[in-house]
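J.: Sharing coords36.csv here; it has CSV, C-alpha atoms (C1' of nucleotides).
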```csv
chain,number,residue,atom,x,y,z
U,1,MET,CA,0.0,0.0,0.0
U,2,ALA,CA,2.7,2.5,1.0
U,3,THR,CA,2.0,6.1,0.1
U,4,ARG,CA,-1.3,6.9,-1.4
U,5,ARG,CA,-0.1,10.2,-2.7
U,6,ASN,CA,3.2,11.9,-3.2
U,7,ASP,CA,3.7,14.4,-0.4
U,8,PRO,CA,3.7,12.6,3.0
U,9,ASP,CA,5.2,15.4,5.1
U,10,ARG,CA,3.0,18.1,3.8
U,11,ARG,CA,1.3,18.1,7.1
U,12,ASP,CA,4.6,18.8,8.8
U,13,ARG,CA,5.4,21.6,6.5
U,14,ILE,CA,2.0,23.2,7.2
U,15,ILE,CA,2.7,23.1,11.0
U,16,ASP,CA,6.1,24.7,10.6
U,17,ALA,CA,4.6,27.3,8.3
U,18,ALA,CA,2.0,28.0,10.9
U,19,LEU,CA,4.7,28.7,13.5
U,20,ALA,CA,6.5,31.1,11.2
U,21,VAL,CA,3.2,32.9,10.5
U,22,ILE,CA,2.4,33.1,14.2
U,23,ALA,CA,5.8,34.4,15.0
U,24,GLU,CA,5.4,37.1,12.4
U,25,GLY,CA,1.9,38.3,13.0
U,26,GLY,CA,0.7,36.6,16.1
U,27,VAL,CA,-2.3,34.3,16.5
U,28,ALA,CA,-4.4,37.3,15.7
U,29,GLY,CA,-2.9,37.7,12.3
U,30,THR,CA,-2.9,34.0,11.4
U,31,SER,CA,-5.3,32.7,8.8
U,32,HIS,CA,-5.7,29.6,6.8
U,33,ARG,CA,-4.8,31.5,3.6
U,34,ARG,CA,-1.6,33.0,5.0
U,35,VAL,CA,-0.4,29.7,6.4
U,36,ALA,CA,-1.2,28.0,3.1
U,37,ASP,CA,0.8,30.6,1.1
U,38,ARG,CA,3.7,30.3,3.4
U,39,ALA,CA,3.7,26.5,3.2
U,40,GLY,CA,3.2,26.6,-0.6
U,41,VAL,CA,0.0,24.5,-0.5
U,42,PRO,CA,-3.4,25.2,-1.7
U,43,LEU,CA,-6.1,26.6,0.6
U,44,GLY,CA,-8.0,23.3,0.4
U,45,SER,CA,-5.2,21.5,2.0
U,46,MET,CA,-5.8,23.4,5.2
U,47,THR,CA,-9.2,22.0,6.0
U,48,TYR,CA,-8.2,18.6,4.6
U,49,HIS,CA,-5.3,18.1,7.0
U,50,PHE,CA,-6.8,20.0,10.0
U,51,THR,CA,-10.4,20.1,11.1
U,52,SER,CA,-10.1,23.6,12.4
U,53,MET,CA,-7.7,26.5,13.0
U,54,GLU,CA,-7.7,25.5,16.7
U,55,GLU,CA,-6.4,22.0,15.8
U,56,LEU,CA,-3.6,23.5,13.7
U,57,LEU,CA,-2.6,25.9,16.5
U,58,HIS,CA,-2.6,23.1,19.0
U,59,GLU,CA,-0.3,20.9,17.0
U,60,ALA,CA,2.0,23.8,16.2
U,61,PHE,CA,2.4,24.9,19.8
U,62,THR,CA,2.9,21.3,20.9
U,63,ARG,CA,5.8,21.0,18.5
U,64,PHE,CA,7.1,24.4,19.6
U,65,ALA,CA,7.1,23.5,23.3
U,66,GLU,CA,8.8,20.2,22.6
U,67,ARG,CA,11.5,21.9,20.7
U,68,ILE,CA,12.2,24.4,23.5
U,69,SER,CA,12.2,21.6,26.0
U,70,GLU,CA,14.8,19.7,24.0
U,71,ARG,CA,17.0,22.7,23.9
U,72,PHE,CA,16.6,23.3,27.6
U,73,ALA,CA,17.6,19.7,28.3
U,74,ALA,CA,20.5,19.9,26.0
U,75,ARG,CA,21.9,23.0,27.6
U,76,LEU,CA,21.7,21.4,31.1
U,77,SER,CA,22.9,18.0,30.1
U,78,GLY,CA,26.5,17.2,31.0
U,79,VAL,CA,26.5,19.8,33.7
U,80,THR,CA,28.0,18.4,36.9
U,81,HIS,CA,28.7,21.1,39.5
U,82,ARG,CA,27.1,24.2,40.8
U,83,GLY,CA,29.1,26.8,38.8
U,84,GLN,CA,28.4,25.0,35.5
U,85,LEU,CA,24.7,24.8,36.2
U,86,ALA,CA,24.5,28.5,37.0
U,87,SER,CA,26.4,29.4,33.8
U,88,ALA,CA,24.1,27.2,31.7
U,89,ILE,CA,21.0,28.9,33.1
U,90,VAL,CA,22.5,32.3,32.6
U,91,ASP,CA,23.1,31.4,28.9
U,92,LEU,CA,19.6,30.2,28.6
U,93,VAL,CA,18.2,33.5,29.9
U,94,HIS,CA,20.5,35.9,28.1
U,95,SER,CA,21.6,34.3,24.9
U,96,ASP,CA,18.8,32.1,23.6
U,97,LEU,CA,16.5,35.0,23.0
U,98,VAL,CA,19.1,36.9,21.1
U,99,GLU,CA,19.4,34.0,18.7
U,100,GLY,CA,15.8,33.7,18.2
U,101,PRO,CA,13.5,36.5,19.1
U,102,ASP,CA,10.7,34.4,17.6
U,103,ASP,CA,10.9,32.1,20.6
U,104,LEU,CA,9.8,34.9,22.9
U,105,VAL,CA,6.9,35.8,20.8
U,106,LEU,CA,5.8,32.2,20.4
U,107,THR,CA,6.1,31.5,24.1
U,108,LEU,CA,4.0,34.4,25.0
U,109,GLU,CA,1.4,33.6,22.3
U,110,LEU,CA,1.1,30.1,23.8
U,111,TYR,CA,0.8,31.4,27.3
U,112,THR,CA,-1.9,33.8,26.2
U,113,LEU,CA,-3.8,31.0,24.6
U,114,ALA,CA,-3.3,28.7,27.6
U,115,ALA,CA,-4.6,31.4,29.9
U,116,ARG,CA,-7.9,31.4,28.1
U,117,LYS,CA,-8.4,27.9,26.8
U,118,PRO,CA,-7.9,24.8,28.9
U,119,SER,CA,-7.0,22.6,25.9
U,120,PHE,CA,-3.9,24.7,25.4
U,121,ARG,CA,-3.0,24.6,29.1
U,122,GLN,CA,-2.2,20.9,28.7
U,123,ILE,CA,0.7,22.0,26.5
U,124,THR,CA,2.1,24.4,29.2
U,125,HIS,CA,1.5,21.7,31.8
U,126,ASP,CA,3.6,19.2,30.0
U,127,TRP,CA,6.3,21.8,29.2
U,128,MET,CA,6.7,22.9,32.8
U,129,ARG,CA,6.8,19.3,33.9
U,130,ARG,CA,9.6,18.5,31.5
U,131,SER,CA,11.5,21.5,32.6
U,132,ARG,CA,11.2,20.5,36.2
U,133,ASP,CA,12.2,17.0,35.4
U,134,VAL,CA,15.4,18.3,33.9
U,135,LEU,CA,16.1,20.6,36.9
U,136,GLU,CA,15.4,17.8,39.3
U,137,GLN,CA,18.5,16.0,38.0
U,138,HIS,CA,20.4,18.7,39.8
U,139,VAL,CA,18.2,20.0,42.7
U,140,ASP,CA,15.3,18.8,44.8
U,141,ALA,CA,11.7,19.2,43.7
U,142,LYS,CA,10.8,22.3,45.5
U,143,THR,CA,13.9,24.1,44.4
U,144,ALA,CA,13.1,23.0,40.8
U,145,HIS,CA,9.8,24.8,41.1
U,146,LYS,CA,11.4,27.9,42.3
U,147,LEU,CA,14.2,27.8,39.8
U,148,ASP,CA,11.8,27.2,36.9
U,149,ALA,CA,9.7,30.2,37.9
U,150,LEU,CA,12.7,32.4,38.4
U,151,ILE,CA,14.1,31.5,34.9
U,152,GLU,CA,10.7,32.3,33.4
U,153,GLY,CA,10.6,35.7,35.1
U,154,LEU,CA,14.2,36.6,34.3
U,155,PHE,CA,13.7,35.6,30.6
U,156,ILE,CA,10.6,37.8,30.2
U,157,HIS,CA,12.1,40.7,32.1
U,158,VAL,CA,15.3,40.6,30.1
U,159,SER,CA,13.2,40.6,26.9
U,160,LEU,CA,10.6,43.3,27.8
U,161,ASP,CA,12.4,45.6,30.1
U,162,ALA,CA,14.1,48.8,28.8
U,163,THR,CA,16.9,48.6,31.3
U,164,PRO,CA,17.2,44.9,31.8
U,165,HIS,CA,19.5,43.5,34.4
U,166,GLY,CA,22.9,42.0,33.5
U,167,ARG,CA,24.2,38.5,33.4
U,168,ASP,CA,25.8,39.1,36.8
U,169,VAL,CA,22.4,39.8,38.4
U,170,THR,CA,20.9,36.7,36.8
U,171,ARG,CA,23.8,34.6,38.0
U,172,ASP,CA,23.6,35.9,41.5
U,173,ALA,CA,19.8,35.2,41.6
U,174,VAL,CA,20.2,31.7,40.3
U,175,LEU,CA,23.0,30.9,42.8
U,176,ARG,CA,20.7,31.7,45.6
U,177,PHE,CA,18.7,28.6,44.8
U,178,LEU,CA,21.6,26.3,44.3
U,179,PRO,CA,23.0,24.7,47.5
U,180,SER,CA,26.6,25.5,48.1
N,1,MET,CA,-17.8,76.8,26.2
N,2,ALA,CA,-17.8,73.6,28.5
N,3,THR,CA,-19.1,70.5,26.9
N,4,ARG,CA,-19.7,70.5,23.2
N,5,ARG,CA,-21.8,67.4,23.5
N,6,ASN,CA,-23.5,65.5,26.2
N,7,ASP,CA,-21.2,62.4,26.8
N,8,PRO,CA,-17.8,63.6,27.9
N,9,ASP,CA,-16.6,60.2,29.3
N,10,ARG,CA,-17.7,58.2,26.4
N,11,ARG,CA,-14.1,57.7,25.4
N,12,ASP,CA,-13.4,56.3,28.9
N,13,ARG,CA,-16.2,53.9,28.6
N,14,ILE,CA,-14.9,52.7,25.2
N,15,ILE,CA,-11.5,52.0,26.7
N,16,ASP,CA,-13.0,50.0,29.6
N,17,ALA,CA,-15.2,48.1,27.2
N,18,ALA,CA,-12.1,47.3,25.1
N,19,LEU,CA,-10.4,45.8,28.1
N,20,ALA,CA,-13.4,43.7,28.8
N,21,VAL,CA,-13.6,42.5,25.2
N,22,ILE,CA,-9.9,41.7,25.2
N,23,ALA,CA,-10.1,39.8,28.4
N,24,GLU,CA,-13.0,37.8,27.0
N,25,GLY,CA,-11.7,37.0,23.5
N,26,GLY,CA,-8.2,38.2,23.3
N,27,VAL,CA,-6.7,40.8,21.0
N,28,ALA,CA,-7.4,38.3,18.2
N,29,GLY,CA,-11.1,38.4,18.8
N,30,THR,CA,-11.3,42.2,19.4
N,31,SER,CA,-13.0,44.3,16.7
N,32,HIS,CA,-14.4,47.8,16.5
N,33,ARG,CA,-17.9,46.4,16.4
N,34,ARG,CA,-17.6,44.2,19.4
N,35,VAL,CA,-16.1,46.9,21.5
N,36,ALA,CA,-18.8,49.3,20.3
N,37,ASP,CA,-21.6,46.9,21.3
N,38,ARG,CA,-20.0,46.3,24.7
N,39,ALA,CA,-19.7,50.0,25.3
N,40,GLY,CA,-23.2,50.8,24.0
N,41,VAL,CA,-22.0,53.2,21.4
N,42,PRO,CA,-22.5,53.3,17.7
N,43,LEU,CA,-19.8,51.9,15.4
N,44,GLY,CA,-19.0,55.4,14.1
N,45,SER,CA,-17.9,56.4,17.5
N,46,MET,CA,-14.9,54.1,17.3
N,47,THR,CA,-13.2,55.8,14.4
N,48,TYR,CA,-14.2,59.1,15.7
N,49,HIS,CA,-12.5,58.7,19.1
N,50,PHE,CA,-9.7,56.5,18.0
N,51,THR,CA,-7.7,56.8,14.8
N,52,SER,CA,-7.0,53.1,14.6
N,53,MET,CA,-7.5,49.9,16.5
N,54,GLU,CA,-3.8,50.1,17.6
N,55,GLU,CA,-4.4,53.5,19.3
N,56,LEU,CA,-7.3,52.0,21.2
N,57,LEU,CA,-5.3,49.0,22.3
N,58,HIS,CA,-2.5,51.2,23.3
N,59,GLU,CA,-4.6,53.4,25.5
N,60,ALA,CA,-6.4,50.4,27.0
N,61,PHE,CA,-3.3,48.6,27.9
N,62,THR,CA,-1.7,51.8,29.3
N,63,ARG,CA,-4.7,52.1,31.6
N,64,PHE,CA,-4.5,48.5,32.6
N,65,ALA,CA,-0.8,48.6,33.5
N,66,GLU,CA,-1.4,51.7,35.6
N,67,ARG,CA,-4.2,50.0,37.5
N,68,ILE,CA,-2.0,47.0,38.3
N,69,SER,CA,0.8,49.2,39.4
N,70,GLU,CA,-1.5,51.0,41.7
N,71,ARG,CA,-2.6,47.7,43.3
N,72,PHE,CA,1.0,46.6,43.5
N,73,ALA,CA,2.0,49.8,45.3
N,74,ALA,CA,-1.0,49.6,47.6
N,75,ARG,CA,-0.2,46.1,48.7
N,76,LEU,CA,3.3,47.0,49.5
N,77,SER,CA,2.7,50.3,51.2
N,78,GLY,CA,2.7,50.4,55.0
N,79,VAL,CA,4.9,47.3,55.0
N,80,THR,CA,7.8,47.8,57.4
N,81,HIS,CA,9.7,44.7,58.1
N,82,ARG,CA,10.9,41.6,56.2
N,83,GLY,CA,8.2,39.2,57.2
N,84,GLN,CA,5.4,41.6,56.2
N,85,LEU,CA,7.0,42.3,52.9
N,86,ALA,CA,7.2,38.6,52.2
N,87,SER,CA,3.6,38.0,53.1
N,88,ALA,CA,2.5,40.9,50.9
N,89,ILE,CA,4.3,39.4,47.9
N,90,VAL,CA,2.9,36.0,48.6
N,91,ASP,CA,-0.6,37.5,48.6
N,92,LEU,CA,0.1,39.2,45.3
N,93,VAL,CA,1.3,36.0,43.6
N,94,HIS,CA,-1.4,33.6,45.0
N,95,SER,CA,-4.5,35.7,45.7
N,96,ASP,CA,-4.7,38.5,43.2
N,97,LEU,CA,-5.1,36.1,40.3
N,98,VAL,CA,-7.9,34.2,42.0
N,99,GLU,CA,-9.8,37.5,42.4
N,100,GLY,CA,-9.4,38.4,38.8
N,101,PRO,CA,-8.3,35.8,36.2
N,102,ASP,CA,-8.8,38.5,33.6
N,103,ASP,CA,-5.7,40.2,34.9
N,104,LEU,CA,-3.6,37.2,33.9
N,105,VAL,CA,-5.1,37.2,30.4
N,106,LEU,CA,-4.6,40.9,29.9
N,107,THR,CA,-1.1,40.8,31.2
N,108,LEU,CA,-0.1,38.1,28.8
N,109,GLU,CA,-1.9,39.8,25.9
N,110,LEU,CA,0.1,42.9,26.6
N,111,TYR,CA,3.4,41.1,26.8
N,112,THR,CA,2.6,39.4,23.5
N,113,LEU,CA,2.0,42.7,21.9
N,114,ALA,CA,5.1,44.2,23.5
N,115,ALA,CA,7.2,41.4,22.2
N,116,ARG,CA,6.3,42.2,18.7
N,117,LYS,CA,5.6,46.0,18.6
N,118,PRO,CA,8.0,48.5,20.1
N,119,SER,CA,5.2,51.0,20.7
N,120,PHE,CA,3.7,48.7,23.2
N,121,ARG,CA,7.0,47.9,24.8
N,122,GLN,CA,7.0,51.4,26.3
N,123,ILE,CA,4.0,50.4,28.4
N,124,THR,CA,5.9,47.4,29.8
N,125,HIS,CA,9.0,49.5,30.3
N,126,ASP,CA,7.0,52.0,32.4
N,127,TRP,CA,5.2,49.2,34.3
N,128,MET,CA,8.4,47.5,35.2
N,129,ARG,CA,10.0,50.7,36.3
N,130,ARG,CA,7.1,51.5,38.6
N,131,SER,CA,7.3,48.0,40.1
N,132,ARG,CA,11.0,48.4,40.8
N,133,ASP,CA,10.5,51.9,42.3
N,134,VAL,CA,8.1,50.4,44.8
N,135,LEU,CA,10.4,47.5,45.6
N,136,GLU,CA,13.3,49.9,46.0
N,137,GLN,CA,11.6,51.4,49.0
N,138,HIS,CA,12.5,48.1,50.7
N,139,VAL,CA,15.5,46.7,49.0
N,140,ASP,CA,18.5,47.8,46.8
N,141,ALA,CA,18.2,48.2,43.1
N,142,LYS,CA,19.7,44.9,42.0
N,143,THR,CA,17.6,43.0,44.4
N,144,ALA,CA,14.6,44.8,43.1
N,145,HIS,CA,15.3,43.6,39.6
N,146,LYS,CA,15.6,40.0,40.9
N,147,LEU,CA,12.5,40.2,43.0
N,148,ASP,CA,10.5,41.7,40.2
N,149,ALA,CA,11.5,38.9,37.8
N,150,LEU,CA,10.9,36.3,40.4
N,151,ILE,CA,7.4,37.6,41.1
N,152,GLU,CA,6.6,37.6,37.4
N,153,GLY,CA,7.7,34.0,37.0
N,154,LEU,CA,6.0,32.8,40.1
N,155,PHE,CA,2.7,34.5,39.1
N,156,ILE,CA,2.8,32.9,35.6
N,157,HIS,CA,3.7,29.5,36.9
N,158,VAL,CA,1.0,29.5,39.6
N,159,SER,CA,-1.4,30.4,36.8
N,160,LEU,CA,-0.4,28.0,34.1
N,161,ASP,CA,1.0,25.0,35.9
N,162,ALA,CA,-1.1,21.9,36.5
N,163,THR,CA,0.6,21.2,39.8
N,164,PRO,CA,1.6,24.7,41.0
N,165,HIS,CA,3.8,25.2,44.0
N,166,GLY,CA,2.2,26.3,47.3
N,167,ARG,CA,2.4,29.5,49.2
N,168,ASP,CA,5.2,28.1,51.4
N,169,VAL,CA,7.4,27.6,48.3
N,170,THR,CA,6.7,31.2,47.1
N,171,ARG,CA,7.4,32.6,50.6
N,172,ASP,CA,10.7,30.7,50.8
N,173,ALA,CA,11.8,31.8,47.4
N,174,VAL,CA,11.0,35.5,48.1
N,175,LEU,CA,12.8,35.4,51.5
N,176,ARG,CA,16.0,34.3,49.8
N,177,PHE,CA,16.2,37.8,48.3
N,178,LEU,CA,15.3,39.7,51.4
N,179,PRO,CA,18.3,40.5,53.7
N,180,SER,CA,17.8,39.1,57.1
D,1,DT,C1',-34.0,83.3,17.9
D,2,DG,C1',-31.3,81.9,14.0
D,3,DT,C1',-27.1,80.4,12.1
D,4,DC,C1',-22.7,78.2,12.1
D,5,DG,C1',-19.3,74.8,12.9
D,6,DA,C1',-17.7,71.3,16.0
D,7,DT,C1',-19.3,66.9,17.5
D,8,DA,C1',-21.2,62.6,16.6
D,9,DT,C1',-23.7,58.9,13.9
D,10,DG,C1',-25.6,55.5,10.2
D,11,DT,C1',-24.6,53.2,6.3
D,12,DA,C1',-22.3,51.4,2.5
D,13,DC,C1',-18.1,49.3,0.2
D,14,DG,C1',-14.2,46.4,-0.8
D,15,DA,C1',-11.2,43.1,1.3
D,16,DA,C1',-10.3,39.0,3.9
D,17,DC,C1',-12.0,35.4,6.3
D,18,DG,C1',-13.6,30.1,7.5
D,19,DT,C1',-15.9,26.6,5.5
D,20,DA,C1',-18.3,23.5,2.4
D,21,DC,C1',-18.3,20.8,-1.4
D,22,DA,C1',-18.1,19.4,-6.2
D,23,DC,C1',-14.5,17.8,-8.7
D,24,DA,C1',-9.7,16.2,-10.3
D,25,DT,C1',-6.0,12.9,-9.6
D,26,DG,C1',-3.5,8.9,-9.6
D,27,DA,C1',-2.1,4.4,-7.1
D,28,DA,C1',-3.9,-0.3,-6.3
D,29,DG,C1',-6.3,-4.5,-7.6
D,30,DG,C1',-8.9,-7.1,-11.0
P,1,DC,C1',-5.6,-1.8,-19.3
P,2,DC,C1',-9.3,-0.3,-16.8
P,3,DT,C1',-12.1,0.6,-13.0
P,4,DT,C1',-12.4,2.2,-8.3
P,5,DC,C1',-12.0,5.1,-4.6
P,6,DA,C1',-9.0,7.3,-1.1
P,7,DT,C1',-6.4,11.4,-1.5
P,8,DG,C1',-6.1,16.0,-2.6
P,9,DT,C1',-7.7,20.7,-4.8
P,10,DG,C1',-10.2,24.8,-6.8
P,11,DT,C1',-13.9,27.8,-6.2
P,12,DA,C1',-17.8,29.9,-4.5
P,13,DC,C1',-20.8,31.5,-0.5
P,14,DG,C1',-22.1,34.0,3.5
P,15,DT,C1',-20.1,36.5,7.3
P,16,DT,C1',-17.4,39.8,9.4
P,17,DC,C1',-14.1,43.1,9.3
P,18,DG,C1',-11.9,48.2,9.1
P,19,DT,C1',-12.7,52.4,7.1
P,20,DA,C1',-14.6,56.3,4.6
P,21,DC,C1',-17.9,59.7,4.3
P,22,DA,C1',-22.4,62.0,3.8
P,23,DT,C1',-25.4,63.3,7.0
P,24,DA,C1',-27.6,64.5,11.4
P,25,DT,C1',-27.2,66.8,15.8
P,26,DC,C1',-26.9,70.5,19.0
P,27,DG,C1',-24.1,74.0,21.9
P,28,DA,C1',-22.3,78.8,21.4
P,29,DC,C1',-22.5,83.2,19.9
P,30,DA,C1',-24.4,87.1,17.2
```
Written as structure tokens, how would this file's structure read?

T.:
Amino acid sequence: MATRRNDPDRRDRIIDAALAVIAEGGVAGTSHRRVADRAGVPLGSMTYHFTSMEELLHEAFTRFAERISERFAARLSGVTHRGQLASAIVDLVHSDLVEGPDDLVLTLELYTLAARKPSFRQITHDWMRRSRDVLEQHVDAKTAHKLDALIEGLFIHVSLDATPHGRDVTRDAVLRFLPS
Amino acid sequence: MATRRNDPDRRDRIIDAALAVIAEGGVAGTSHRRVADRAGVPLGSMTYHFTSMEELLHEAFTRFAERISERFAARLSGVTHRGQLASAIVDLVHSDLVEGPDDLVLTLELYTLAARKPSFRQITHDWMRRSRDVLEQHVDAKTAHKLDALIEGLFIHVSLDATPHGRDVTRDAVLRFLPS
DNA sequence: TGTCGATATGTACGAACGTACACATGAAGG
DNA sequence: CCTTCATGTGTACGTTCGTACATATCGACA
């Protein structure tokens, strides 16, 4: 039987195109037509592959959250002692967003959706759980909660503040939660 | 001269209606017509009072941020010693969002806008500055930065996590930044 | 009181939208 | 080779949108 038709990963490309469109114009500016154009597929493919816009958004943000989690785990893997862990977290907060400002936008778009619709909250639940799992390889559960929240806040403030704090401030804040 | 016409605070009502509509359906679901209906004014009033949707959103979020800042300052005023300050912050993180879940949605909507459009970033800049000013009545500047970010992260995680941390965890985290 | 101009409103238009659905396409099995 | 039918596409419909603009409304001043 194999492939019925010739483009098996078209669905994947639509999802990636959706993330690009969302990053560019927000969920507010995302439409079937725009995503279709970006992915290079006909409008009809949208409703064929996805029942609704909500389904597409859900799959797109699920993929996005998994990607970020992977990067998070990668940065913190191989870290053995306190100083390295702190450095890795400082890099996460201060460097990652310079590489990809899209990640900030997508993160906030997801949070906004999650704040209103329970179906999207599952995505943030899983994301936060994965983050804590990684952190718990280095610290206890309660500290993981605190650290995760701190990282979140630092990341947002570095991104949206006019006079953001420096790496030294981040490092000092993080170290307060790491047992010496 | 006085009032040219009979409804001087119509503009105000439109702004409040806009915040209600945004809280309900997000920026994505906000239109001139919906805001007009909510405010009980004709569609024509929208373009008369506001040049564009963006102008309306800008004024609405400015008002929102100022309101939150006032509440923030009020909660932290009259606090004298370390334990009281910690308690006040714990209340902010854990109670305020129960009272008004709309605040979480509006906050995230604003951040999302700010992440993409510099004109809205001014609103978050001012907001964060005001928060730090309040905190600096109790701690030094660098600590204020850390505390502000921590509060942000704790607030978001309490709101969007399936298994959020308790008040005790928040309190312990906050106390780590308050000099004993 | 009558007129004038600032203030405010109703309506209409073109663009963009989600969605439905009739139809094209081509691989699989007879 | 030919039929069949799952897979995929083009188009058209009804709705909603932002915006423009002609028109209505009424306070202020002569």

J.: Residues of chain P no more than 10 Å from chain U, counting all atoms listed in the file: send them over as number ranges by chain.

T.: P: 6-11

J.: Compute the chain N side of the contact with chain U at 7 Å, counting all atoms listed in the file, and hand it back as a PDB file with C-alpha atoms, keeping the file's coordinate frame.

T.:
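The result, stored in part_30.pdb:
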```pdb
ATOM      1  CA  VAL N  27      -6.700  40.800  21.000  1.00  0.00           C
ATOM      2  CA  ALA N  28      -7.400  38.300  18.200  1.00  0.00           C
ATOM      3  CA  VAL N 105      -5.100  37.200  30.400  1.00  0.00           C
ATOM      4  CA  LEU N 108      -0.100  38.100  28.800  1.00  0.00           C
ATOM      5  CA  GLU N 109      -1.900  39.800  25.900  1.00  0.00           C
ATOM      6  CA  TYR N 111       3.400  41.100  26.800  1.00  0.00           C
ATOM      7  CA  THR N 112       2.600  39.400  23.500  1.00  0.00           C
ATOM      8  CA  ALA N 115       7.200  41.400  22.200  1.00  0.00           C
ATOM      9  CA  ARG N 116       6.300  42.200  18.700  1.00  0.00           C
ATOM     10  CA  ARG N 121       7.000  47.900  24.800  1.00  0.00           C
ATOM     11  CA  THR N 124       5.900  47.400  29.800  1.00  0.00           C
ATOM     12  CA  HIS N 125       9.000  49.500  30.300  1.00  0.00           C
ATOM     13  CA  MET N 128       8.400  47.500  35.200  1.00  0.00           C
ATOM     14  CA  LYS N 142      19.700  44.900  42.000  1.00  0.00           C
ATOM     15  CA  HIS N 145      15.300  43.600  39.600  1.00  0.00           C
ATOM     16  CA  LYS N 146      15.600  40.000  40.900  1.00  0.00           C
ATOM     17  CA  ALA N 149      11.500  38.900  37.800  1.00  0.00           C
ATOM     18  CA  LEU N 150      10.900  36.300  40.400  1.00  0.00           C
ATOM     19  CA  GLU N 152       6.600  37.600  37.400  1.00  0.00           C
ATOM     20  CA  GLY N 153       7.700  34.000  37.000  1.00  0.00           C
ATOM     21  CA  LEU N 154       6.000  32.800  40.100  1.00  0.00           C
ATOM     22  CA  HIS N 157       3.700  29.500  36.900  1.00  0.00           C
ATOM     23  CA  LEU N 160      -0.400  28.000  34.100  1.00  0.00           C
ATOM     24  CA  ASP N 161       1.000  25.000  35.900  1.00  0.00           C
ATOM     25  CA  ALA N 162      -1.100  21.900  36.500  1.00  0.00           C
ATOM     26  CA  HIS N 165       3.800  25.200  44.000  1.00  0.00           C
ATOM     27  CA  VAL N 169       7.400  27.600  48.300  1.00  0.00           C
ATOM     28  CA  ALA N 173      11.800  31.800  47.400  1.00  0.00           C
ATOM     29  CA  ARG N 176      16.000  34.300  49.800  1.00  0.00           C
TER      30      ARG N 176
END
```

J.: For Arg34 (chain U), work out the shell of residues within 10 Å, counting all atoms listed in the file and skipping chain neighbours fewer than 3 positions away, then give it as a ChimeraX atom specification.

T.: /U:17-18,21,29-31,37-40,43

J.: What does the file look like for those residues with C-alpha atoms, as a PDB file, in the coordinates of the input?

T.:
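Full text of selection-v4.pdb as output:
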```
ATOM      1  CA  ALA U  17       4.600  27.300   8.300  1.00  0.00           C
ATOM      2  CA  ALA U  18       2.000  28.000  10.900  1.00  0.00           C
ATOM      3  CA  VAL U  21       3.200  32.900  10.500  1.00  0.00           C
ATOM      4  CA  GLY U  29      -2.900  37.700  12.300  1.00  0.00           C
ATOM      5  CA  THR U  30      -2.900  34.000  11.400  1.00  0.00           C
ATOM      6  CA  SER U  31      -5.300  32.700   8.800  1.00  0.00           C
ATOM      7  CA  ASP U  37       0.800  30.600   1.100  1.00  0.00           C
ATOM      8  CA  ARG U  38       3.700  30.300   3.400  1.00  0.00           C
ATOM      9  CA  ALA U  39       3.700  26.500   3.200  1.00  0.00           C
ATOM     10  CA  GLY U  40       3.200  26.600  -0.600  1.00  0.00           C
ATOM     11  CA  LEU U  43      -6.100  26.600   0.600  1.00  0.00           C
TER      12      LEU U  43
END
```

J.: To one decimal in Å, tell me the separation between C1' of DA12 (chain P) and CA of Phe50 (chain U).

T.: 20.7 Å

J.: Closest to chain N among D:DG14, D:DA8, D:DC23, D:DG29, using all atoms listed in the file?

T.: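 The closest residue to chain N is D:DA8.
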
J.: Using all atoms listed in the file, determine which residues of chain D fall within 9 Å of chain N; present them as a list in words.

T.: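 Taken together, these residues fit the definition: DA6, DT7, DA8, DT9 and DG10 of chain D.
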
J.: What is the CA of Ile68 (chain N)-CA of Ile22 (chain N) distance in Å, reported with one decimal?

T.: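 Atom-to-atom, CA of Ile68 (chain N) and CA of Ile22 (chain N) are spaced 16.2 Å apart.
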
J.: What does the structure give for the distance between C1' of DA15 (chain D) and C1' of DT19 (chain P), in Å to one decimal?

T.: 11.1 Å

J.: Of the candidates D:DC21, D:DT11, D:DA28, D:DA16, which shows the shortest atom-to-atom distance to DT23 (chain P), using all atoms listed in the file?

T.: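 Checking each of D:DC21, D:DT11, D:DA28, D:DA16 against DT23 (chain P), counting all atoms listed in the file, the winner is D:DT11.
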